[in-house]
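*Asks:* This is the content of structure39.tsv (TSV, C-alpha atoms):
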```
chain	number	residue	atom	x	y	z
Q	1	MET	CA	0.00	0.00	0.00
Q	2	ALA	CA	1.48	3.35	-1.01
Q	3	GLY	CA	2.18	5.85	1.73
Q	4	SER	CA	2.23	3.41	4.63
Q	5	GLY	CA	5.87	2.30	4.87
Q	6	ARG	CA	8.53	3.09	7.43
Q	7	GLY	CA	9.73	6.10	5.39
Q	8	THR	CA	6.26	7.61	5.59
Q	9	ALA	CA	6.18	7.05	9.35
Q	10	GLN	CA	9.58	8.74	9.73
Q	11	SER	CA	8.42	11.70	7.64
Q	12	THR	CA	5.27	11.98	9.73
Q	13	ASP	CA	7.31	11.84	12.94
Q	14	CYS	CA	9.66	14.54	11.64
Q	15	LEU	CA	6.77	16.79	10.62
Q	16	ARG	CA	5.06	16.29	13.98
Q	17	GLY	CA	8.33	17.16	15.75
Q	18	LEU	CA	8.52	20.43	13.83
Q	19	LEU	CA	4.89	21.28	14.59
Q	20	VAL	CA	5.48	20.61	18.30
Q	21	ALA	CA	8.67	22.70	18.26
Q	22	PHE	CA	6.76	25.65	16.81
Q	23	GLY	CA	3.87	25.28	19.25
Q	24	VAL	CA	1.28	24.21	16.67
Q	25	LEU	CA	0.76	20.80	18.31
Q	26	PRO	CA	1.09	19.88	21.98
Q	27	PRO	CA	3.97	17.63	23.07
Q	28	ARG	CA	3.21	13.96	23.71
Q	29	ASP	CA	5.07	10.86	24.75
Q	30	GLU	CA	6.26	9.58	21.39
Q	31	HIS	CA	7.09	6.12	22.70
Q	32	LEU	CA	3.55	5.63	23.98
Q	33	ALA	CA	2.19	6.89	20.66
Q	34	ALA	CA	4.43	4.38	18.88
Q	35	ILE	CA	3.00	1.55	20.98
Q	36	GLU	CA	-0.54	2.60	20.06
Q	37	ARG	CA	0.40	2.74	16.35
Q	38	HIS	CA	2.04	-0.69	16.61
Q	39	LEU	CA	-1.11	-2.11	18.19
Q	40	ALA	CA	-3.25	-0.63	15.42
Q	41	ARG	CA	-0.97	-2.21	12.78
Q	42	MET	CA	-1.11	-5.60	14.48
Q	43	LEU	CA	-4.90	-5.48	14.74
Q	44	THR	CA	-5.11	-4.57	11.05
Q	45	ARG	CA	-2.76	-7.42	10.07
Q	46	HIS	CA	-4.49	-9.96	12.32
Q	47	PRO	CA	-8.19	-9.04	12.45
Q	48	LYS	CA	-9.19	-12.54	13.57
Q	49	TYR	CA	-7.43	-11.90	16.89
Q	50	ALA	CA	-8.68	-8.34	17.40
Q	51	MET	CA	-11.40	-9.31	19.89
Q	52	LEU	CA	-8.77	-10.84	22.18
Q	53	LEU	CA	-5.61	-8.90	21.36
Q	54	GLY	CA	-7.21	-5.43	21.42
Q	55	PRO	CA	-8.54	-5.65	24.99
Q	56	TYR	CA	-5.34	-7.30	26.21
Q	57	ALA	CA	-3.21	-4.49	24.85
Q	58	ARG	CA	-5.60	-1.70	25.84
Q	59	TRP	CA	-6.34	-2.95	29.35
Q	60	TYR	CA	-3.02	-4.54	30.26
Q	61	VAL	CA	-0.07	-3.53	28.09
Q	62	LEU	CA	-0.86	0.15	27.50
Q	63	PRO	CA	-1.76	0.96	31.14
Q	64	ARG	CA	1.49	-0.59	32.33
Q	65	ALA	CA	3.45	1.37	29.72
Q	66	ARG	CA	1.65	4.59	30.72
Q	67	GLY	CA	2.31	3.92	34.40
Q	68	ARG	CA	6.00	3.42	33.74
Q	69	ALA	CA	6.09	6.59	31.64
Q	70	ALA	CA	4.44	8.55	34.47
Q	71	ARG	CA	7.22	7.50	36.87
Q	72	SER	CA	10.11	8.23	34.50
Q	73	ALA	CA	10.77	9.22	30.92
Q	74	SER	CA	9.70	6.74	28.27
Q	75	THR	CA	12.40	5.00	26.34
Q	76	ARG	CA	12.65	2.96	23.17
Q	77	GLY	CA	13.26	-0.06	25.39
Q	78	ARG	CA	9.93	0.38	27.10
Q	79	ALA	CA	8.22	0.60	23.74
Q	80	ARG	CA	10.04	-2.59	22.73
Q	81	TRP	CA	8.74	-4.22	25.94
Q	82	ALA	CA	5.17	-3.53	24.79
Q	83	TYR	CA	5.85	-4.58	21.19
Q	84	THR	CA	7.23	-7.90	22.40
Q	85	ARG	CA	4.16	-8.67	24.47
Q	86	ILE	CA	1.81	-7.88	21.61
Q	87	GLU	CA	3.89	-9.78	19.05
Q	88	THR	CA	4.35	-12.90	21.19
Q	89	ALA	CA	0.61	-13.06	21.83
Q	90	VAL	CA	-0.01	-12.96	18.08
Q	91	ALA	CA	2.71	-15.54	17.46
Q	92	LEU	CA	1.15	-17.95	19.95
Q	93	LEU	CA	-2.32	-17.46	18.49
Q	94	GLU	CA	-0.93	-18.05	14.98
Q	95	HIS	CA	0.84	-21.20	16.15
Q	96	LEU	CA	-2.32	-22.55	17.76
Q	97	ALA	CA	-4.31	-21.75	14.60
Q	98	SER	CA	-1.76	-23.74	12.56
Q	99	LEU	CA	-2.62	-26.70	14.82
Q	100	ASP	CA	-6.36	-26.03	14.32
Q	101	LEU	CA	-6.66	-25.09	17.99
Q	102	THR	CA	-8.18	-22.09	19.68
Q	103	LEU	CA	-6.68	-20.53	22.78
Q	104	SER	CA	-9.40	-22.12	24.93
Q	105	GLU	CA	-8.47	-25.55	23.53
Q	106	ALA	CA	-4.72	-25.14	24.07
Q	107	THR	CA	-2.99	-27.30	26.63
Q	108	GLN	CA	0.21	-26.75	28.54
Q	109	LEU	CA	1.91	-29.27	26.26
Q	110	GLU	CA	1.26	-27.20	23.11
Q	111	VAL	CA	2.41	-24.03	24.82
Q	112	ASP	CA	5.55	-25.73	26.17
Q	113	ARG	CA	6.43	-27.11	22.73
Q	114	TRP	CA	5.97	-23.65	21.19
Q	115	LEU	CA	8.13	-22.05	23.88
Q	116	ALA	CA	10.89	-24.64	23.49
Q	117	ALA	CA	11.02	-24.30	19.70
Q	118	GLY	CA	11.67	-20.57	19.61
Q	119	PRO	CA	13.64	-17.67	21.06
Q	120	SER	CA	13.58	-16.80	24.74
Q	121	THR	CA	11.39	-13.76	24.05
Q	122	ARG	CA	8.50	-16.19	23.63
Q	123	TYR	CA	8.40	-16.50	27.40
Q	124	GLU	CA	6.99	-12.96	27.47
Q	125	VAL	CA	3.70	-14.57	26.43
Q	126	ARG	CA	3.17	-15.38	30.11
Q	127	ASP	CA	1.47	-12.01	30.71
Q	128	PHE	CA	-0.96	-12.72	27.89
Q	129	LEU	CA	-1.74	-16.23	29.14
Q	130	VAL	CA	-2.31	-15.04	32.71
Q	131	TRP	CA	-4.56	-12.23	31.42
Q	132	THR	CA	-6.60	-14.60	29.22
Q	133	ALA	CA	-6.96	-17.23	31.95
Q	134	ARG	CA	-8.23	-14.66	34.46
Q	135	ARG	CA	-10.89	-13.61	31.95
Q	136	GLY	CA	-11.94	-17.13	31.01
Q	137	HIS	CA	-10.50	-17.07	27.48
Q	138	SER	CA	-8.02	-19.87	28.14
Q	139	ASN	CA	-7.19	-22.61	30.58
Q	140	ASP	CA	-4.92	-21.76	33.47
Q	141	LEU	CA	-1.63	-22.53	31.74
```
Here is the file; what I need is its structure written in the form of structure tokens.

*Replies:*
Amino acid sequence: MAGSGRGTAQSTDCLRGLLVAFGVLPPRDEHLAAIERHLARMLTRHPKYAMLLGPYARWYVLPRARGRAARSASTRGRARWAYTRIETAVALLEHLASLDLTLSEATQLEVDRWLAAGPSTRYEVRDFLVWTARRGHSNDL
């Protein structure tokens, strides 16, 4: 799609920075804004998970990121923390779909196999699994 690549995002960020510098737009936490844009992209790319992923990110990931930003300046690392949680949740859901399983049908064995077969960042999916279990979307894994 034209006009939606990384170069466009960088141009938009640069223009916004200029408008903030000249007082046309108010300042904002750019790292938090980046997390929100990342979530929107992930929901667009994976609409079948939007009903689960959207609330998880909006009610768990974003509030934690905002709370951390309120205590000290946001950093790229904190944005990466949020990206990783969102991306690992999608990766697990995609893996389960490849096995013709839903999250509610998943067992600890499938999750353990998925964790063992990939990078250590997959363990960040714990937050997502705890969140879904507490809300009745999955077993207590």

*Asks:* Measuring between all atoms listed in the file, which one of Q:Val90, Q:Ala50, Q:Leu141, Q:Leu25 shows the shortest distance to Q:Asp112?

*Replies:*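 Selected residue with least distance to Q:Asp112: Q:Leu141.
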
*Asks:* One decimal, in Å: what's the spacing between atom CA of Q:Arg135 and atom CA of Q:Arg58?

*Replies:*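 Pair atom CA of Q:Arg135 / atom CA of Q:Arg58 returns 14.4 Å.
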
*Asks:* So what do you get for atom CA of Q:His38 versus atom CA of Q:Arg64, distance-wise?

*Replies:*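 Pair atom CA of Q:His38 / atom CA of Q:Arg64 returns 15.7 Å.
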
*Asks:* Between atom CA of Q:Trp81 and atom CA of Q:His95, what is the spacing in Å?

*Replies:*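 It comes out at 21.1 Å.
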
*Asks:* Do you know which residues are at most 12 Å from Q:Met42 counting all atoms listed in the file, after dropping those on the same chain fewer than 6 positions away, and could you put them as number ranges by chain?

*Replies:* Q: 35-36, 48-50, 53-54, 57, 83-91

*Asks:* Considering all atoms listed in the file, return as JSON, numbers by chain whatever protein or nucleic-acid residues lie within 12 Å of Q:Leu115, sequence-local ones (same chain, fewer than 4 positions apart) excluded.

*Replies:* {"Q": [88, 89, 91, 92, 95, 108, 109, 110, 111, 119, 120, 121, 122, 123, 124, 125, 126]}

*Asks:* For Q:Leu103, work out the shell of residues within 6 Å, counting all atoms listed in the file and skipping chain neighbours fewer than 2 positions away, then give it as number ranges by chain.

*Replies:* Q: 105-106, 138

*Asks:* With all atoms listed in the file as the atoms that count, which of Q:Arg16, Q:Arg134, Q:His31, Q:His46 lies nearest to Q:Ala79?

*Replies:*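 Going through Q:Arg16, Q:Arg134, Q:His31, Q:His46 one by one, the smallest distance to Q:Ala79 is for Q:His31.
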
*Asks:* Any idea what's packed within 12 Å of Q:Arg76, counting all atoms listed in the file, ignoring anything in its chain fewer than 6 positions away? Could you give it as a list in words?

*Replies:*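 Returned residues: Asp29, Glu30, His31, Leu32, Ala33, Ala34, Ile35, Ala65, Ala69, Ala82 and Tyr83 of chain Q.
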
*Asks:* For Q:Asp127, which residue among Q:Ala70, Q:Val61, Q:Leu93, Q:Met51 is the nearest when counting only C-alpha atoms?

*Replies:*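 Looking only at the distances to Q:Asp127, the closest residue turns out to be Q:Val61.
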
*Asks:* Using all atoms listed in the file, find the one residue out of Q:Thr102, Q:Thr107, Q:Trp114, Q:Arg66 that sits nearest to Q:Leu52.

*Replies:*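 Closest to Q:Leu52 of all the choices is Q:Thr102.
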